[in-house]
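First up is the structure itself, then whatever we jot down about it.
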Amino acid sequence: MKKIFAIIALGLALTATSCKDYFTLERPSQYPWQSASELEMAVRAPYLYYVGAAWANPIGACFNRFGESDMARFTGKQGDSYYYAYWARSYKKLVLENSKELEGGFEYLYYMVTACNAPLSLIEECEKAKKDPFPDMTQADRDLVQRIKGELLFCRAFAYWNLARTWCPPYDSANTDGINDTKHFVLRTTYESSSDKLKNPELATTKQVYDQIVADLKAAINVLPESYYSGDNNNRMRVNKYAAKALLARVCFSMGNFSECKTLCDEVIAQTELYALDPDLVAPFNKMSGQGTSKEVIFEIAYSSSSDRYDRNPGIMGYAAYNGNRGKMCGYCAFSMSYYGCEKIGWLDAQHQVTSEAQKDLRFQNLYVYHEGDVTETGEPDKSKYPEPAIYLFKYFRGPTPTDNGRRANRPIIRLADLYLMRAQISFMNNVKDEAVKDVNEIRTRAGLEPVKTDTITEEIIENERIKEMLGENGDRIFWLQALHKDIPLGDAIGDRAAASVLKYPYKDCYYNIPVFETLSNNAYNESSK
């Protein structure tokens with residue numbers, strides 16, 4: 001269990017160094033926090049761990065799921081990573097044994113969990129004993145501890161949700177073939193100091209993991225404030241009650257609990273003083289910590305001007321580069337949008353030329369780039385680069401600082417547009433077409449398009465608006481289709497993709513292997529393989 005010991009140590013190290021030197025041999029069982037204000041430092045740790053490292057982090061691990069979708073086309077470019085494996089939908093064939101985005105994501109998500117469990121254990125033990133965790137607490141201190149508890153619960157749920165979406169099959173409300181009963185990774189909700197328990201944990205079922213995510217988010221909603229000033233440079237990187245509701249809405253949608261999802265969307269969308277669709281489509285993507293945020297953003301990762309942890313994976317997934325190539329085609333870009341997908345949403349014609357529909361769409365103009373293809377000095381297609389015309393994502397590395405090539409731009413994790421489109425889909429499924437049309441038109445008119453009418457609305461229109469609005473954000477496309485139990489087509493079926501399969505409900509093999517380092521050091525995996 002060497003890896004879990006390292007996770008425990010690193011999880012507590014960050015909080016300990018933020019407070020007094022309280023980890024000594026004389027008092028080994030004490031927590032490092034001595035006051036409510038010091039406990040505030042504990043909640044910063046899980047946010048930091050979600051950022052991870054530049055190439056190996058939870059953000060990138062989930063973002064790269066774009067490459068599996070029908071909306072991605074492999075360009076032939078790749079570095080030392082799994083990009084071609086995503087395209088080929090390798091899943092269970094892929095052995096995670098090197099330090100890349102998936103292994104790094106797995107590690108940092110467990111760092112998050114441990115960083116949450118230690119202070120939560122302190123708070124919950126004191127609540128059970130009906131006493132304050134620190135001496136001489138005021139009511140303001142007690143309120144602060146409850147808010148910290150809510151953030152920790154949110155972060156733990158968020159960590160497990162990211163683990164579940166990558167390392168176990170999608171939740172199945174019908175539990176087809178007992179999918180929800182299969183076990184994949186450790187679910188831990190208490191801080192463990194016993195070496196025996198650390199070496200011999202138990203694996204949880206998919207249902208147990210999702211049940212815990214829901215329970216944590218509901219508990220977080222009960223104690224988080226509706227809004228507060230955290231004192232940080234960017235307040236949307238610290239969650240409130242409505243961020244927890246928005247994440248729970250997403251989770252409920254993925255679990256097929258559409259009624260509760262709609263109720264949660266209603267409650268968040270109604271908070272017009274806090275949230276509103278931004279008329280500037282780039283605004284959620286072009287700011288840095290300390291420079292404010294878009295009202296459309298509900299939760300985001302904010303980067304400071306000196307951060308070295310910014311996620312570099314979008315440079316592989318889109319037009320803009322992380323490495324000094326601002327405003328030019330990224331030389332490492334492994335994926336464009338698929339021709340299948342571009343024709344589906346009406347942005348390219350059969351000759352791969354931009355349509356008038358695309359030219360009218362402000363999203364195409366601002367958040368995507370049509371690259372006509374690289375040519376040699378003689379004007380011939382440059383086969384060594386990007387010779388074919390294609391549309392590329394252009395949502396990332398859009399920060400305001402030219403000296404760092406915009407690389408440290410904030411990353412929106414939950415946007416209001418997501419909730420409008422979830423609610424539109426649910427209203428359509430419930431045959432409440434006027435409500436579906438209203439929500440879809442909020443998105444369409446913001447993008448400069450004509451509104452659709454109740455007698456012409458279709459599920460495909462809603463789906464296409466979702467693609468244009470949310471593509472490339474947190475692996476959205478593949479998770480959306482899975483939640484609706486729809487086939488995930490091959491898209492552009494060329495190369496190894498042609499030998500892959502259309503992904504069909506219940507997607508029982510659409511998840512990745514646990515990293516080798518964890519299976520070798522964790523007795524639970526050894527037992528489960530017997």
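Identifiers in this document derive from the order of the structure tokens: chains are assigned A, B, ..., residues are numbered from 1 separately in each chain, and ligands are numbered from 1 in order of occurrence.
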
Residues near stretch 137-142 of chain A, cut-off 12 Å, only C-alpha atoms, skip fewer than 3 positions along chain, as a list in words: Gln34, Ser35, Ala36, Ser37, Glu38, Leu39, Glu40, Ile123, Cys126, Glu127, Lys131, Asp132, Pro133, Phe134, Val145, Gln146, Arg147, Ile148, Lys149 and Val223 of chain A

Need the shell around stretch 385-393 of chain A: protein/DNA/RNA residues with any atom at most 8 Å away, counting only C-alpha atoms. Skip same-chain ones fewer than 5 positions apart. Format as a ChimeraX atom specification? /A:75,317-319,331,335-337,339,342,352-353,367-375,472

Spatial neighbours of stretch 510-519 of chain A, 8 Å, only C-alpha atoms, chain gap at least 3 places, as a PyMOL selection string: chain A and resi 1+3+91-92+94-97+103+106+165-170+184-185+503+507+522-523+525-526

Take the residues from that selection and put them in a file with N, CA, C and O atoms, as an mmCIF file, in the first residue's frame.
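out.cif, freshly written:
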data_model
loop_
_atom_site.group_PDB
_atom_site.id
_atom_site.type_symbol
_atom_site.label_atom_id
_atom_site.label_comp_id
_atom_site.auth_asym_id
_atom_site.auth_seq_id
_atom_site.Cartn_x
_atom_site.Cartn_y
_atom_site.Cartn_z
ATOM 1 N N MET A 1 0.831 -1.196 0.000
ATOM 2 C CA MET A 1 0.000 0.000 0.000
ATOM 3 C C MET A 1 0.866 1.245 0.000
ATOM 4 O O MET A 1 0.493 2.282 0.531
ATOM 5 N N LYS A 3 1.556 3.385 -2.218
ATOM 6 C CA LYS A 3 0.959 4.545 -2.863
ATOM 7 C C LYS A 3 -0.024 5.253 -1.950
ATOM 8 O O LYS A 3 -0.059 6.482 -1.872
ATOM 9 N N TYR A 91 -9.805 1.683 -24.267
ATOM 10 C CA TYR A 91 -10.389 1.369 -22.971
ATOM 11 C C TYR A 91 -9.629 0.268 -22.245
ATOM 12 O O TYR A 91 -8.521 0.463 -21.782
ATOM 13 N N LYS A 92 -10.220 -0.928 -22.156
ATOM 14 C CA LYS A 92 -9.642 -1.996 -21.320
ATOM 15 C C LYS A 92 -8.327 -2.535 -21.869
ATOM 16 O O LYS A 92 -7.594 -3.224 -21.164
ATOM 17 N N LEU A 94 -5.898 -0.589 -22.724
ATOM 18 C CA LEU A 94 -4.864 0.375 -22.362
ATOM 19 C C LEU A 94 -4.340 0.084 -20.957
ATOM 20 O O LEU A 94 -5.094 0.059 -19.991
ATOM 21 N N VAL A 95 -3.044 -0.167 -20.850
ATOM 22 C CA VAL A 95 -2.406 -0.446 -19.568
ATOM 23 C C VAL A 95 -1.782 0.856 -19.057
ATOM 24 O O VAL A 95 -0.865 1.391 -19.679
ATOM 25 N N LEU A 96 -2.275 1.350 -17.937
ATOM 26 C CA LEU A 96 -1.813 2.632 -17.408
ATOM 27 C C LEU A 96 -0.628 2.387 -16.483
ATOM 28 O O LEU A 96 -0.788 2.047 -15.315
ATOM 29 N N GLU A 97 0.570 2.593 -17.037
ATOM 30 C CA GLU A 97 1.754 2.251 -16.253
ATOM 31 C C GLU A 97 2.836 3.323 -16.276
ATOM 32 O O GLU A 97 3.882 3.165 -15.650
ATOM 33 N N GLU A 103 -2.884 8.439 -15.234
ATOM 34 C CA GLU A 103 -2.301 8.063 -13.942
ATOM 35 C C GLU A 103 -2.249 9.271 -13.008
ATOM 36 O O GLU A 103 -2.579 9.176 -11.819
ATOM 37 N N PHE A 106 -5.650 10.102 -11.612
ATOM 38 C CA PHE A 106 -6.034 9.161 -10.560
ATOM 39 C C PHE A 106 -5.370 9.520 -9.234
ATOM 40 O O PHE A 106 -6.020 9.573 -8.186
ATOM 41 N N ARG A 165 -16.359 8.646 -13.455
ATOM 42 C CA ARG A 165 -16.573 8.848 -14.892
ATOM 43 C C ARG A 165 -15.432 8.288 -15.740
ATOM 44 O O ARG A 165 -15.598 8.158 -16.958
ATOM 45 N N THR A 166 -14.311 7.959 -15.121
ATOM 46 C CA THR A 166 -13.172 7.454 -15.885
ATOM 47 C C THR A 166 -12.819 6.015 -15.548
ATOM 48 O O THR A 166 -12.407 5.255 -16.427
ATOM 49 N N TRP A 167 -13.018 5.606 -14.284
ATOM 50 C CA TRP A 167 -12.526 4.299 -13.849
ATOM 51 C C TRP A 167 -13.621 3.324 -13.411
ATOM 52 O O TRP A 167 -13.342 2.347 -12.744
ATOM 53 N N CYS A 168 -14.842 3.575 -13.784
ATOM 54 C CA CYS A 168 -15.882 2.549 -13.654
ATOM 55 C C CYS A 168 -16.930 2.799 -14.726
ATOM 56 O O CYS A 168 -16.988 3.902 -15.295
ATOM 57 N N PRO A 169 -17.743 1.814 -15.059
ATOM 58 C CA PRO A 169 -18.736 2.005 -16.119
ATOM 59 C C PRO A 169 -19.768 3.040 -15.717
ATOM 60 O O PRO A 169 -19.974 3.298 -14.531
ATOM 61 N N PRO A 170 -20.442 3.662 -16.699
ATOM 62 C CA PRO A 170 -21.461 4.654 -16.370
ATOM 63 C C PRO A 170 -22.561 4.056 -15.496
ATOM 64 O O PRO A 170 -22.935 2.883 -15.650
ATOM 65 N N HIS A 184 -14.711 -1.363 -8.471
ATOM 66 C CA HIS A 184 -13.614 -0.836 -9.285
ATOM 67 C C HIS A 184 -12.533 -0.106 -8.513
ATOM 68 O O HIS A 184 -11.363 -0.228 -8.846
ATOM 69 N N PHE A 185 -12.881 0.693 -7.514
ATOM 70 C CA PHE A 185 -11.837 1.396 -6.767
ATOM 71 C C PHE A 185 -12.292 1.631 -5.331
ATOM 72 O O PHE A 185 -13.448 1.395 -4.973
ATOM 73 N N LEU A 503 -20.274 2.601 -29.616
ATOM 74 C CA LEU A 503 -20.505 2.383 -28.185
ATOM 75 C C LEU A 503 -22.000 2.381 -27.917
ATOM 76 O O LEU A 503 -22.703 3.336 -28.239
ATOM 77 N N TYR A 507 -22.863 0.391 -22.125
ATOM 78 C CA TYR A 507 -21.471 0.852 -22.105
ATOM 79 C C TYR A 507 -20.640 0.165 -21.009
ATOM 80 O O TYR A 507 -19.812 0.796 -20.356
ATOM 81 N N ASN A 522 -2.080 -2.292 -3.727
ATOM 82 C CA ASN A 522 -3.348 -2.269 -3.005
ATOM 83 C C ASN A 522 -3.910 -3.684 -2.941
ATOM 84 O O ASN A 522 -4.289 -4.266 -3.968
ATOM 85 N N ASN A 523 -3.973 -4.250 -1.760
ATOM 86 C CA ASN A 523 -4.422 -5.637 -1.598
ATOM 87 C C ASN A 523 -5.857 -5.855 -2.062
ATOM 88 O O ASN A 523 -6.230 -6.968 -2.419
ATOM 89 N N TYR A 525 -7.277 -4.940 -4.790
ATOM 90 C CA TYR A 525 -7.316 -5.359 -6.192
ATOM 91 C C TYR A 525 -6.837 -6.796 -6.347
ATOM 92 O O TYR A 525 -7.332 -7.533 -7.194
ATOM 93 N N ASN A 526 -5.883 -7.167 -5.530
ATOM 94 C CA ASN A 526 -5.416 -8.553 -5.574
ATOM 95 C C ASN A 526 -6.517 -9.511 -5.165
ATOM 96 O O ASN A 526 -6.699 -10.574 -5.751
#

All alpha helix (DSSP H) positions in stretch 293-486 of chain A, as a VMD selection string: chain A and resid 314 to 317 339 to 344 356 to 360 362 to 367 416 to 429 433 to 446 459 to 470 476 to 483

Have a look at A:Asn474, A:Asn464, A:Thr206, A:Asn162 and name the one nearest to A:Ile345; count only C-alpha atoms. A:Asn464
